[in-house]
Amino acid sequence: MSWRRSLYSALSVVVLPIIPLRLWWRGRREAGYRRHIGERFGRYPSAREPVDVWIHAVSAGETRAAAPLVRALRERMPGVKLLLTHMTATGRETGAALFGSEVHQAYLPYDFPFAVRRFLAHFQPGLGLIMETELWPNLIAEARSRKLPLYLVNARLSARSAQRYARLGALTRETLAALSGVAAQTMEDAQRLRSLGADNVSVTGSVKFDVEVPPAMLQRGETLRQAMGRDRPVWLAATTREGEEALLLDALGALPESVLTVIVPRHPQRFADVADLLAKRGIAFQRRSEQAALRATTRVLLGDSMGEMFAYYAAVDVAFVGGSLLPLGGHNLLEACAVGTPVLLGPHTFNFAQASEEAVEAGAALRVRNADELIATVVRLLRTSDERARMASAGRAFYGAQGGATRRTLALVAPTLERLSRSRASG
């Protein structure tokens with residue numbers, strides 16, 4: 001172990017005693033954090049459970065993005081044993097909703113040497129795929145020592161994140177160099193990763209463009225729209241973050257009373273906070289989780305349900321993608337494009353810079369500067385069906401033209417998949 005990683009590990013031990021307390025505290029709002037705590041430290045109730053391919057998807061967004069890879073791997077290797085790991089409770093819940101018993105799920109242990117050794121010894125994966133940007137020095141080093149091919153896939157790295165990793169200097173270079181390869185979303189992502197020390201970097205695009213829209217979600221969206229009122233104008237504020245809902249509610253007075261606003265916070269632990277905001281402002285609202293008939297006087301529907309983003313996007317006339325009004329980097333706009341919903345973005349989309357700019361250039365999205373301009377643009381679009389139709393068509397075309405990242409990613413790891421297939425065939 002290098003002295004840099006030894007120092008990193010020593011500093012990590014300082015926080016070890018408080019981790020169970022932190023998990024218990026977070027479990028006040030998300031019960032999932034109080035379950036499977038042993039997995040966080042590489043402890044499992046059963047004997048070893050060898051798997052073929054391990055995919056790490058830290059939270060809900062990465063888990064949804066992993067769906068095309070899961071599907072492609074199962075098609076390529078029927079009967080493949082897949083392990084899907086997460087760090088967040090919402091990630092695990094999303095994985096269960098998407099894949100059920102098709103994959104084995106577990107929490108990825110914290111990056112303590114003893115924990116990652118237990119994890120890799122227990123599951124003995126033949127191939128590891130880490131979604132987006134999860135760089136754990138001890139985990140990656142232990143994988144390399146075991147000769148486990150480990151790739152960073154669908155990798156993205158904003159300029160801001162690159163600056164943070166650069167502060168770690170040689171530890172970042174050492175960690176990235178220990179990977180078997182990197183499949184970056186864009187050329188800019190690839191350049192940043194190379195500058196930090198990554199080798200064998202390829203540009204494969206985003207697998208999020210390969211996500212298939214579940215027909216059941218489209219049907220659910222149709223049912224939801226009927227409940228909202230087929231003739232009632234409806235817009236969606238999706239994946240909103242703390243501070244954004246208050247800005248939106250401040251500007252909501254500019255909307256005609258006939259318009260229904262749907263707000264879906266990014267994190268489920270904030271559902272209650274947003275409900276409190278609405279109640280304190282005296283805004284008539286209902287919760288999606290109540291499954292009650294929507295009243296004509298309801299101004300806001302609070303989307304406090306899990307796994308329904310495609311349904312929400314399919315049900316509305318216009319969608320704003322949150323995390324972008326404040327300097328938080330934005331969120332995935334591709335689900336809205338896939339179902340042909342016109343997209344609005346705030347000024348801060350550095351986490352999805354290329355996709356956002358290309359969507360704007362393609363006519364699938366419009367950018368607004370602040371909450372007041374957002375509401376004004378919503379009003380205009382709700383009144384101009386022709387412009388909405390043009391944006392919807394452009395969104396579908398933009399989404400359809402960007403596919404192929406899953407195929408390119410699997411081509412990158414094809415030698416390892418072939419070796420695994422031969423090993424399985426030989427028994």
# chains A, B, ... in the order shown; residues from 1 in each chain; ligands from 1
>>> residues_around(residues="A:Leu127", least_positions_apart="5", cutoff="9 Å", atoms="only C-alpha atoms", output="PyMOL selection string")
chain A and resi 51-55+148-151+413+416-417+420
>>> closest_atom_pairs(of="stretch 264-367 of chain A", to="stretch 61-75 of chain A", cutoff="10 Å", atoms="only C-alpha atoms", output="CSV")
residue,atom,partner,partner_atom,distance
A:Arg266,CA,A:Gly61,CA,9.8
A:Gly307,CA,A:Arg64,CA,9.3
A:His331,CA,A:Gly61,CA,8.8
A:Asn332,CA,A:Gly61,CA,8.1
>>> closest_atom_pairs(of="stretch 267-368 of chain A", to="stretch 209-230 of chain A", cutoff="12 Å", atoms="only C-alpha atoms", output="Markdown table")
| residue | atom | partner | partner_atom | distance |
| --- | --- | --- | --- | --- |
| A:Gln286 | CA | A:Met228 | CA | 11.4 |
| A:Arg288 | CA | A:Leu224 | CA | 9.7 |
| A:Gln291 | CA | A:Ala227 | CA | 9.8 |
| A:Ala292 | CA | A:Ala227 | CA | 9.2 |
| A:Ala293 | CA | A:Ala227 | CA | 6.8 |
| A:Leu294 | CA | A:Met228 | CA | 6.2 |
| A:Arg295 | CA | A:Met228 | CA | 8.6 |
| A:Ala296 | CA | A:Met228 | CA | 8.9 |
| A:Thr297 | CA | A:Met228 | CA | 11.5 |
| A:Thr298 | CA | A:Met228 | CA | 9.8 |
| A:Arg299 | CA | A:Met228 | CA | 10.8 |
| A:Val300 | CA | A:Met228 | CA | 10.6 |
| A:Leu301 | CA | A:Met228 | CA | 9.1 |
| A:Gly303 | CA | A:Leu224 | CA | 11.3 |
| A:Gly307 | CA | A:Met217 | CA | 9.2 |
| A:Glu308 | CA | A:Met217 | CA | 7.0 |
| A:Met309 | CA | A:Met217 | CA | 8.4 |
| A:Phe310 | CA | A:Met217 | CA | 5.9 |
| A:Ala311 | CA | A:Gly221 | CA | 4.0 |
| A:Tyr312 | CA | A:Gly221 | CA | 6.0 |
| A:Tyr313 | CA | A:Gly221 | CA | 7.5 |
| A:Ala314 | CA | A:Gly221 | CA | 5.1 |
| A:Ala315 | CA | A:Gly221 | CA | 4.6 |
| A:Val316 | CA | A:Arg225 | CA | 7.1 |
| A:Asp317 | CA | A:Arg225 | CA | 9.8 |
| A:Asn332 | CA | A:Phe209 | CA | 10.3 |
| A:Leu333 | CA | A:Phe209 | CA | 10.2 |
| A:Leu334 | CA | A:Phe209 | CA | 6.8 |
| A:Glu335 | CA | A:Val213 | CA | 8.0 |
| A:Ala336 | CA | A:Val213 | CA | 10.2 |
| A:Cys337 | CA | A:Phe209 | CA | 9.7 |
| A:Ala338 | CA | A:Val213 | CA | 7.2 |
| A:Val339 | CA | A:Val213 | CA | 7.5 |
| A:Gly340 | CA | A:Val213 | CA | 11.2 |
| A:Thr341 | CA | A:Gly221 | CA | 12.0 |
| A:Ala355 | CA | A:Phe209 | CA | 10.0 |
>>> select_by_dssp(residues="stretch 148-195 of chain A", states="alpha helix (DSSP H)", output="mmCIF file with N, CA and C atoms, in the first residue's frame")
data_model
loop_
_atom_site.group_PDB
_atom_site.id
_atom_site.type_symbol
_atom_site.label_atom_id
_atom_site.label_comp_id
_atom_site.auth_asym_id
_atom_site.auth_seq_id
_atom_site.Cartn_x
_atom_site.Cartn_y
_atom_site.Cartn_z
ATOM 1 N N ALA A 159 -16.056 20.124 -14.590
ATOM 2 C CA ALA A 159 -14.848 20.905 -14.298
ATOM 3 C C ALA A 159 -14.713 21.130 -12.794
ATOM 4 N N ARG A 160 -15.841 21.346 -12.116
ATOM 5 C CA ARG A 160 -15.816 21.567 -10.668
ATOM 6 C C ARG A 160 -15.338 20.309 -9.934
ATOM 7 N N SER A 161 -15.863 19.147 -10.325
ATOM 8 C CA SER A 161 -15.439 17.896 -9.688
ATOM 9 C C SER A 161 -13.978 17.594 -9.989
ATOM 10 N N ALA A 162 -13.553 17.893 -11.216
ATOM 11 C CA ALA A 162 -12.155 17.660 -11.577
ATOM 12 C C ALA A 162 -11.214 18.475 -10.692
ATOM 13 N N GLN A 163 -11.612 19.694 -10.375
ATOM 14 C CA GLN A 163 -10.794 20.526 -9.490
ATOM 15 C C GLN A 163 -10.687 19.924 -8.092
ATOM 16 N N ARG A 164 -11.786 19.348 -7.610
ATOM 17 C CA ARG A 164 -11.763 18.727 -6.278
ATOM 18 C C ARG A 164 -10.849 17.505 -6.272
ATOM 19 N N TYR A 165 -10.958 16.669 -7.296
ATOM 20 C CA TYR A 165 -10.098 15.485 -7.368
ATOM 21 C C TYR A 165 -8.628 15.883 -7.540
ATOM 22 N N ALA A 166 -8.389 16.972 -8.263
ATOM 23 C CA ALA A 166 -7.010 17.414 -8.480
ATOM 24 C C ALA A 166 -6.335 17.804 -7.171
ATOM 25 N N ARG A 167 -7.118 18.251 -6.186
ATOM 26 C CA ARG A 167 -6.541 18.633 -4.895
ATOM 27 C C ARG A 167 -5.927 17.422 -4.183
ATOM 28 N N ALA A 170 -1.592 13.026 -6.167
ATOM 29 C CA ALA A 170 -1.084 11.710 -6.521
ATOM 30 C C ALA A 170 -2.046 10.589 -6.150
ATOM 31 N N LEU A 171 -2.858 10.764 -5.103
ATOM 32 C CA LEU A 171 -3.810 9.717 -4.734
ATOM 33 C C LEU A 171 -4.849 9.525 -5.837
ATOM 34 N N THR A 172 -5.315 10.623 -6.436
ATOM 35 C CA THR A 172 -6.252 10.527 -7.554
ATOM 36 C C THR A 172 -5.588 9.853 -8.748
ATOM 37 N N ARG A 173 -4.350 10.251 -9.070
ATOM 38 C CA ARG A 173 -3.646 9.633 -10.205
ATOM 39 C C ARG A 173 -3.456 8.144 -9.974
ATOM 40 N N GLU A 174 -3.060 7.785 -8.771
ATOM 41 C CA GLU A 174 -2.840 6.381 -8.425
ATOM 42 C C GLU A 174 -4.137 5.572 -8.557
ATOM 43 N N THR A 175 -5.240 6.154 -8.113
ATOM 44 C CA THR A 175 -6.530 5.456 -8.160
ATOM 45 C C THR A 175 -7.015 5.269 -9.588
ATOM 46 N N LEU A 176 -6.974 6.337 -10.380
ATOM 47 C CA LEU A 176 -7.433 6.244 -11.769
ATOM 48 C C LEU A 176 -6.552 5.298 -12.580
ATOM 49 N N ALA A 177 -5.241 5.318 -12.333
ATOM 50 C CA ALA A 177 -4.332 4.456 -13.083
ATOM 51 C C ALA A 177 -4.561 2.986 -12.776
ATOM 52 N N MET A 187 -16.136 13.834 -24.904
ATOM 53 C CA MET A 187 -14.713 14.119 -25.082
ATOM 54 C C MET A 187 -14.195 14.977 -23.928
ATOM 55 N N GLU A 188 -15.018 15.922 -23.453
ATOM 56 C CA GLU A 188 -14.594 16.767 -22.337
ATOM 57 C C GLU A 188 -14.385 15.943 -21.069
ATOM 58 N N ASP A 189 -15.296 14.995 -20.815
ATOM 59 C CA ASP A 189 -15.134 14.116 -19.661
ATOM 60 C C ASP A 189 -13.843 13.314 -19.792
ATOM 61 N N ALA A 190 -13.594 12.800 -20.999
ATOM 62 C CA ALA A 190 -12.387 11.993 -21.229
ATOM 63 C C ALA A 190 -11.125 12.817 -20.986
ATOM 64 N N GLN A 191 -11.109 14.046 -21.476
ATOM 65 C CA GLN A 191 -9.929 14.890 -21.303
ATOM 66 C C GLN A 191 -9.665 15.185 -19.831
ATOM 67 N N ARG A 192 -10.713 15.459 -19.077
ATOM 68 C CA ARG A 192 -10.527 15.738 -17.647
ATOM 69 C C ARG A 192 -10.002 14.509 -16.914
ATOM 70 N N LEU A 193 -10.540 13.341 -17.239
ATOM 71 C CA LEU A 193 -10.100 12.118 -16.580
ATOM 72 C C LEU A 193 -8.656 11.787 -16.942
ATOM 73 N N ARG A 194 -8.283 11.993 -18.212
ATOM 74 C CA ARG A 194 -6.887 11.755 -18.610
ATOM 75 C C ARG A 194 -5.953 12.713 -17.868
ATOM 76 N N SER A 195 -6.376 13.964 -17.740
ATOM 77 C CA SER A 195 -5.511 14.948 -17.088
ATOM 78 C C SER A 195 -5.275 14.610 -15.617
#
>>> closest_residue(among="A:Pro415, A:Pro20, A:Pro347, A:Pro268", to="A:Gly126", atoms="only C-alpha atoms")
A:Pro415
>>> residues_around(residues="A:Arg43", least_positions_apart="5", cutoff="8 Å", atoms="only C-alpha atoms", output="list of chain:residue names")
A:Gly38, A:Ala115, A:Arg118, A:Phe119
>>> write_last_selection(atoms="N, CA and C atoms", output="PDB file, in the first residue's frame")
ATOM      1  N   GLY A  38     -24.696  -4.369   8.156  1.00  0.00           N
ATOM      2  CA  GLY A  38     -23.488  -5.190   8.077  1.00  0.00           C
ATOM      3  C   GLY A  38     -22.826  -5.135   6.718  1.00  0.00           C
ATOM      4  N   ALA A 115     -13.080  -3.906   4.860  1.00  0.00           N
ATOM      5  CA  ALA A 115     -14.437  -4.056   4.330  1.00  0.00           C
ATOM      6  C   ALA A 115     -14.430  -4.408   2.847  1.00  0.00           C
ATOM      7  N   ARG A 118     -13.375  -8.037   2.325  1.00  0.00           N
ATOM      8  CA  ARG A 118     -14.467  -8.967   2.596  1.00  0.00           C
ATOM      9  C   ARG A 118     -15.484  -8.972   1.447  1.00  0.00           C
ATOM     10  N   PHE A 119     -15.789  -7.780   0.957  1.00  0.00           N
ATOM     11  CA  PHE A 119     -16.759  -7.662  -0.138  1.00  0.00           C
ATOM     12  C   PHE A 119     -16.310  -8.453  -1.361  1.00  0.00           C
TER      13      PHE A 119
END
>>> closest_residue(among="A:Leu382, A:Leu325, A:Arg408, A:Gln185", to="A:Arg369", atoms="only C-alpha atoms")
A:Leu325
>>> closest_residue(among="A:Ala60, A:Ala89, A:Val103, A:Leu249", to="A:Gly282", atoms="only C-alpha atoms")
A:Leu249
>>> residues_around(residues="stretch 357-359 of chain A", least_positions_apart="3", cutoff="12 Å", atoms="only C-alpha atoms", output="VMD selection string")
chain A and resid 332 to 334 336 to 338 342 to 354 362 to 367 391 to 402
>>> atom_distance(atom1="atom CA of A:Ala238", atom2="atom CA of A:Ala275")
15.2 Å
>>> residues_around(residues="A:Arg40", least_positions_apart="6", cutoff="7 Å", atoms="only C-alpha atoms", output="ChimeraX atom specification")
/A:107-110
>>> write_last_selection(atoms="C-alpha atoms", output="short mmCIF file (atom, residue, chain, number, x, y, z; two decimals), in the first residue's frame")
data_model
loop_
_atom_site.label_atom_id
_atom_site.label_comp_id
_atom_site.auth_asym_id
_atom_site.auth_seq_id
_atom_site.Cartn_x
_atom_site.Cartn_y
_atom_site.Cartn_z
CA TYR A 107 -24.74 -2.02 -0.33
CA LEU A 108 -21.18 -1.30 -1.36
CA PRO A 109 -19.06 -1.27 1.80
CA TYR A 110 -17.36 1.88 2.96
#
